[in-house]
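A.B. asks: Below is run_6.txt; it holds compact mmCIF, C-alpha atoms and all ligand atoms.
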# COMPACT_ATOMS: atom_id res chain seq x y z
CA MET A 1 -19.12 16.65 -25.06
CA LEU A 2 -17.48 13.22 -25.22
CA ASP A 3 -18.58 10.17 -23.20
CA ILE A 4 -16.39 9.40 -20.19
CA PHE A 5 -15.66 5.72 -19.62
CA THR A 6 -15.88 4.43 -16.06
CA ILE A 7 -14.10 1.77 -14.02
CA GLY A 8 -14.87 -1.66 -15.45
CA ASP A 9 -14.43 -0.47 -19.05
CA ASP A 10 -11.42 -2.22 -20.64
CA VAL A 11 -10.17 0.90 -22.40
CA LEU A 12 -9.14 2.37 -19.04
CA ARG A 13 -6.75 -0.56 -18.55
CA GLN A 14 -5.06 -0.50 -21.95
CA GLN A 15 -1.58 0.79 -22.65
CA THR A 16 -1.41 3.96 -24.70
CA VAL A 17 0.64 4.76 -27.80
CA PRO A 18 2.58 7.97 -28.50
CA VAL A 19 1.07 10.71 -30.65
CA LYS A 20 2.94 11.02 -33.95
CA GLU A 21 0.80 13.43 -35.97
CA PHE A 22 0.43 16.97 -34.64
CA ASP A 23 -2.42 17.84 -36.96
CA ASP A 24 -5.87 19.45 -36.85
CA ALA A 25 -7.41 16.18 -35.71
CA LEU A 26 -5.19 16.25 -32.60
CA ARG A 27 -6.08 19.87 -31.87
CA LEU A 28 -9.82 19.11 -32.25
CA LEU A 29 -9.48 16.12 -29.93
CA VAL A 30 -7.64 18.18 -27.30
CA ASP A 31 -10.27 20.96 -27.52
CA ALA A 32 -13.02 18.38 -27.07
CA MET A 33 -11.16 16.96 -24.06
CA PHE A 34 -10.93 20.42 -22.45
CA ASP A 35 -14.67 20.98 -23.08
CA THR A 36 -15.58 17.57 -21.69
CA MET A 37 -13.42 18.08 -18.60
CA MET A 38 -14.94 21.51 -17.91
CA GLU A 39 -18.49 20.21 -18.45
CA ALA A 40 -17.82 17.35 -16.01
CA ASP A 41 -16.26 19.80 -13.55
CA GLY A 42 -12.94 17.93 -13.51
CA VAL A 43 -9.43 19.30 -13.12
CA GLY A 44 -7.84 16.73 -15.42
CA LEU A 45 -8.79 14.28 -18.17
CA ALA A 46 -6.70 11.64 -19.94
CA ALA A 47 -7.37 10.26 -23.43
CA PRO A 48 -8.17 6.69 -22.27
CA GLN A 49 -11.09 8.14 -20.27
CA ILE A 50 -12.76 9.13 -23.55
CA GLY A 51 -11.83 5.83 -25.19
CA VAL A 52 -8.65 6.95 -26.98
CA SER A 53 -5.51 4.90 -26.18
CA LYS A 54 -3.02 7.68 -26.84
CA ARG A 55 -0.51 9.52 -24.69
CA ILE A 56 -2.53 12.70 -24.11
CA PHE A 57 -3.97 14.40 -21.06
CA VAL A 58 -5.28 17.85 -20.23
CA VAL A 59 -5.30 19.67 -16.91
CA ASP A 60 -6.91 22.84 -15.66
CA THR A 61 -6.43 23.55 -11.99
CA ARG A 62 -8.40 26.81 -12.39
CA ARG A 63 -5.28 28.86 -11.76
CA GLU A 64 -3.75 31.20 -14.26
CA GLY A 65 -1.32 29.45 -16.59
CA GLU A 66 -2.38 25.99 -15.48
CA ARG A 67 -4.63 25.06 -18.39
CA ILE A 68 -2.24 22.75 -20.18
CA ALA A 69 -2.42 19.95 -22.77
CA PHE A 70 0.32 17.34 -22.36
CA ILE A 71 1.14 15.24 -25.42
CA ASN A 72 3.60 12.33 -24.99
CA PRO A 73 4.42 13.34 -21.39
CA GLU A 74 7.23 11.84 -19.32
CA ILE A 75 7.72 12.50 -15.61
CA ILE A 76 11.50 12.85 -15.49
CA GLN A 77 11.91 13.74 -11.81
CA SER A 78 9.93 13.10 -8.62
CA SER A 79 10.70 14.38 -5.12
CA PRO A 80 11.59 11.62 -2.64
CA ASP A 81 8.74 12.45 -0.24
CA SER A 82 5.31 10.84 -0.21
CA VAL A 83 2.39 13.07 0.78
CA PRO A 84 -1.33 12.35 1.11
CA TYR A 85 -3.89 14.28 -0.91
CA GLU A 86 -7.54 13.48 -1.52
CA GLU A 87 -8.14 12.30 -5.09
CA GLY A 88 -11.20 11.56 -7.15
CA CYS A 89 -11.60 10.59 -10.80
CA LEU A 90 -14.21 11.23 -13.49
CA SER A 91 -13.91 7.50 -14.27
CA VAL A 92 -14.68 6.53 -10.67
CA PRO A 93 -17.30 9.19 -10.03
CA GLY A 94 -18.54 10.09 -6.58
CA VAL A 95 -15.81 8.55 -4.42
CA TYR A 96 -12.64 10.11 -3.00
CA HIS A 97 -9.66 8.94 -1.01
CA ASP A 98 -6.25 10.16 0.15
CA VAL A 99 -3.46 8.90 -2.11
CA LEU A 100 0.27 9.06 -1.34
CA ARG A 101 2.48 10.57 -4.04
CA PRO A 102 5.61 12.72 -4.36
CA SER A 103 4.86 16.40 -3.75
CA ARG A 104 6.99 17.77 -6.58
CA ILE A 105 7.70 16.58 -10.10
CA VAL A 106 9.31 17.67 -13.34
CA VAL A 107 7.45 16.65 -16.48
CA GLN A 108 8.48 16.91 -20.12
CA ALA A 109 5.89 16.87 -22.87
CA GLN A 110 4.93 18.25 -26.26
CA ASP A 111 2.21 20.80 -26.95
CA VAL A 112 -0.45 20.39 -29.67
CA ARG A 113 2.02 21.68 -32.27
CA GLY A 114 4.72 19.21 -31.26
CA LYS A 115 6.86 21.74 -29.41
CA ASN A 116 8.70 20.40 -26.35
CA PHE A 117 8.14 22.00 -22.96
CA THR A 118 9.00 21.27 -19.34
CA VAL A 119 6.89 21.94 -16.24
CA ASN A 120 8.17 22.04 -12.66
CA ALA A 121 5.07 21.36 -10.62
CA ASP A 122 4.12 21.21 -6.97
CA GLY A 123 0.83 21.37 -5.06
CA VAL A 124 -2.39 20.60 -6.88
CA LEU A 125 -0.78 20.75 -10.32
CA ALA A 126 1.81 18.09 -9.43
CA ARG A 127 -0.97 15.94 -8.03
CA VAL A 128 -3.22 16.22 -11.08
CA ILE A 129 -0.36 15.56 -13.51
CA GLN A 130 0.64 12.37 -11.68
CA HIS A 131 -2.96 11.16 -11.52
CA GLU A 132 -3.53 11.79 -15.24
CA ASN A 133 -0.16 10.28 -16.18
CA ASP A 134 -1.23 7.07 -14.41
CA HIS A 135 -4.20 6.82 -16.80
CA LEU A 136 -1.74 6.53 -19.70
CA TYR A 137 -0.47 3.31 -18.08
CA GLY A 138 -3.94 1.86 -17.48
CA LYS A 139 -3.79 2.78 -13.82
CA LEU A 140 -6.51 4.35 -11.64
CA PHE A 141 -6.08 6.08 -8.29
CA VAL A 142 -7.81 3.19 -6.50
CA ASP A 143 -4.90 0.95 -7.61
CA ARG A 144 -2.60 3.05 -5.43
CA LEU A 145 -4.57 2.40 -2.22
CA THR A 146 -3.97 -0.41 0.25
CA GLU A 147 -6.14 -3.48 -0.31
CA ASP A 148 -8.43 -2.51 2.60
CA GLU A 149 -8.79 1.07 1.42
CA ARG A 150 -9.49 -0.03 -2.13
CA GLU A 151 -12.15 -2.49 -1.03
CA LYS A 152 -13.87 0.21 1.03
CA VAL A 153 -13.80 2.75 -1.79
CA LEU A 154 -15.07 0.25 -4.39
CA GLN A 155 -17.90 -0.86 -2.08
CA GLN A 156 -18.84 2.78 -1.65
CA TYR A 157 -18.72 3.22 -5.43
CA ASN A 158 -20.87 0.14 -6.07
CA ARG A 159 -23.47 1.25 -3.52
CA LYS A 160 -23.62 4.64 -5.12
CA HIS A 161 -24.00 3.38 -8.67
CA ARG A 162 -25.97 0.17 -8.19
CA ARG A 163 -29.28 1.74 -9.14
CA LYS A 164 -27.89 3.07 -12.41
CA ARG A 165 -26.70 -0.35 -13.52
CA LYS A 166 -28.60 -2.75 -15.72
NI NI A 201 -8.73 10.07 -13.24
Would you mind writing the file out in structure tokens?
Ligand code: NI
C.D. replies:
Amino acid sequence: MLDIFTIGDDVLRQQTVPVKEFDDALRLLVDAMFDTMMEADGVGLAAPQIGVSKRIFVVDTRREGERIAFINPEIIQSSPDSVPYEEGCLSVPGVYHDVLRPSRIVVQAQDVRGKNFTVNADGVLARVIQHENDHLYGKLFVDRLTEDEREKVLQQYNRKHRRKRK
């Protein structure tokens, strides 16, 4: 299991670079990301969260056919609506808040062998993909809240984690 970086760590704010080599090292990394995500009981994990600034994320919404690794993903279409859904993040553990995002998206990506694929997603899958895709741009779900909401959530987070800090 890999260490998951949490809010405050610089690596979560860095821009990511595309994957160029579709080799065994990539497949091992993706396997380790799936294991880490499952162990942490998450539904998605992006490479920056384990300290790797590359365009990779994995999702598993616990539905059949929805355990997917996305390499070099691009969201190429988003529905014009904006719907609330409660989000959390393994990098901001223990706090949750409704976030507004489009309900449907189309995403293009490559698999671990470099093969292109397209996913039309709605519901939880669309939500998780958009959340993970944000990580590739150094963005966390709290950045998408209003200033008041963000302040409240971060206060809650700090209260929760104060005792664990040095
Ligand atoms: Ni996250």
A.B. asks: What's the separation between CA of His131 (chain A) and atom NI of ligand NI 201 (chain A), in Å to one decimal place?
C.D. replies: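 The value is 6.1 Å.
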A.B. asks: Which residues of region 36-102 of chain A have any atom within 10 Å of an atom in region 138-161 of chain A when counting only C-alpha atoms, and what is the closest pair of atoms for each, with the distance in Å to one decimal? Order the rows by chain and rising number and write it as JSON lines.
C.D. replies:
{"residue": "A:Pro48", "atom": "CA", "partner": "A:Gly138", "partner_atom": "CA", "distance": 8.0}
{"residue": "A:Gln49", "atom": "CA", "partner": "A:Gly138", "partner_atom": "CA", "distance": 9.9}
{"residue": "A:Ser53", "atom": "CA", "partner": "A:Gly138", "partner_atom": "CA", "distance": 9.3}
{"residue": "A:Glu87", "atom": "CA", "partner": "A:Phe141", "partner_atom": "CA", "distance": 7.3}
{"residue": "A:Gly88", "atom": "CA", "partner": "A:Phe141", "partner_atom": "CA", "distance": 7.6}
{"residue": "A:Cys89", "atom": "CA", "partner": "A:Phe141", "partner_atom": "CA", "distance": 7.6}
{"residue": "A:Ser91", "atom": "CA", "partner": "A:Leu140", "partner_atom": "CA", "distance": 8.5}
{"residue": "A:Val92", "atom": "CA", "partner": "A:Tyr157", "partner_atom": "CA", "distance": 7.4}
{"residue": "A:Pro93", "atom": "CA", "partner": "A:Tyr157", "partner_atom": "CA", "distance": 7.7}
{"residue": "A:Gly94", "atom": "CA", "partner": "A:Tyr157", "partner_atom": "CA", "distance": 7.0}
{"residue": "A:Val95", "atom": "CA", "partner": "A:Tyr157", "partner_atom": "CA", "distance": 6.2}
{"residue": "A:Tyr96", "atom": "CA", "partner": "A:Val153", "partner_atom": "CA", "distance": 7.5}
{"residue": "A:His97", "atom": "CA", "partner": "A:Val153", "partner_atom": "CA", "distance": 7.5}
{"residue": "A:Asp98", "atom": "CA", "partner": "A:Leu145", "partner_atom": "CA", "distance": 8.3}
{"residue": "A:Val99", "atom": "CA", "partner": "A:Leu145", "partner_atom": "CA", "distance": 6.6}
{"residue": "A:Leu100", "atom": "CA", "partner": "A:Arg144", "partner_atom": "CA", "distance": 7.8}
{"residue": "A:Arg101", "atom": "CA", "partner": "A:Arg144", "partner_atom": "CA", "distance": 9.2}
A.B. asks: Take the point (2.0, 5.1, -30.0) as written in the file and pick out every residue within 10 Å of it, counting only C-alpha atoms; give the list as a PyMOL selection string.
C.D. replies: chain A and resi 15-20+53-55+72
A.B. asks: Go through A:Glu132, A:Asp10, A:Asp111, A:Glu64 one by one, measure the shortest atom-to-atom distance of each to Gly42 (chain A) using only C-alpha atoms, and give the residue with the smallest value.
C.D. replies: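 Ranking A:Glu132, A:Asp10, A:Asp111, A:Glu64 by distance to Gly42 (chain A), first place goes to A:Glu132.
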A.B. asks: Given the choices A:Arg62, A:Val106, A:Asn133, A:Leu28, which gets closest to Ile76 (chain A) if the distance is worked out from only C-alpha atoms?
C.D. replies: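 So, comparing all the options, the nearest one is A:Val106.
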A.B. asks: What separation in Å, quoted to one decimal, exists between CA of Val124 (chain A) and CA of Asp81 (chain A)?
C.D. replies: 15.3 Å
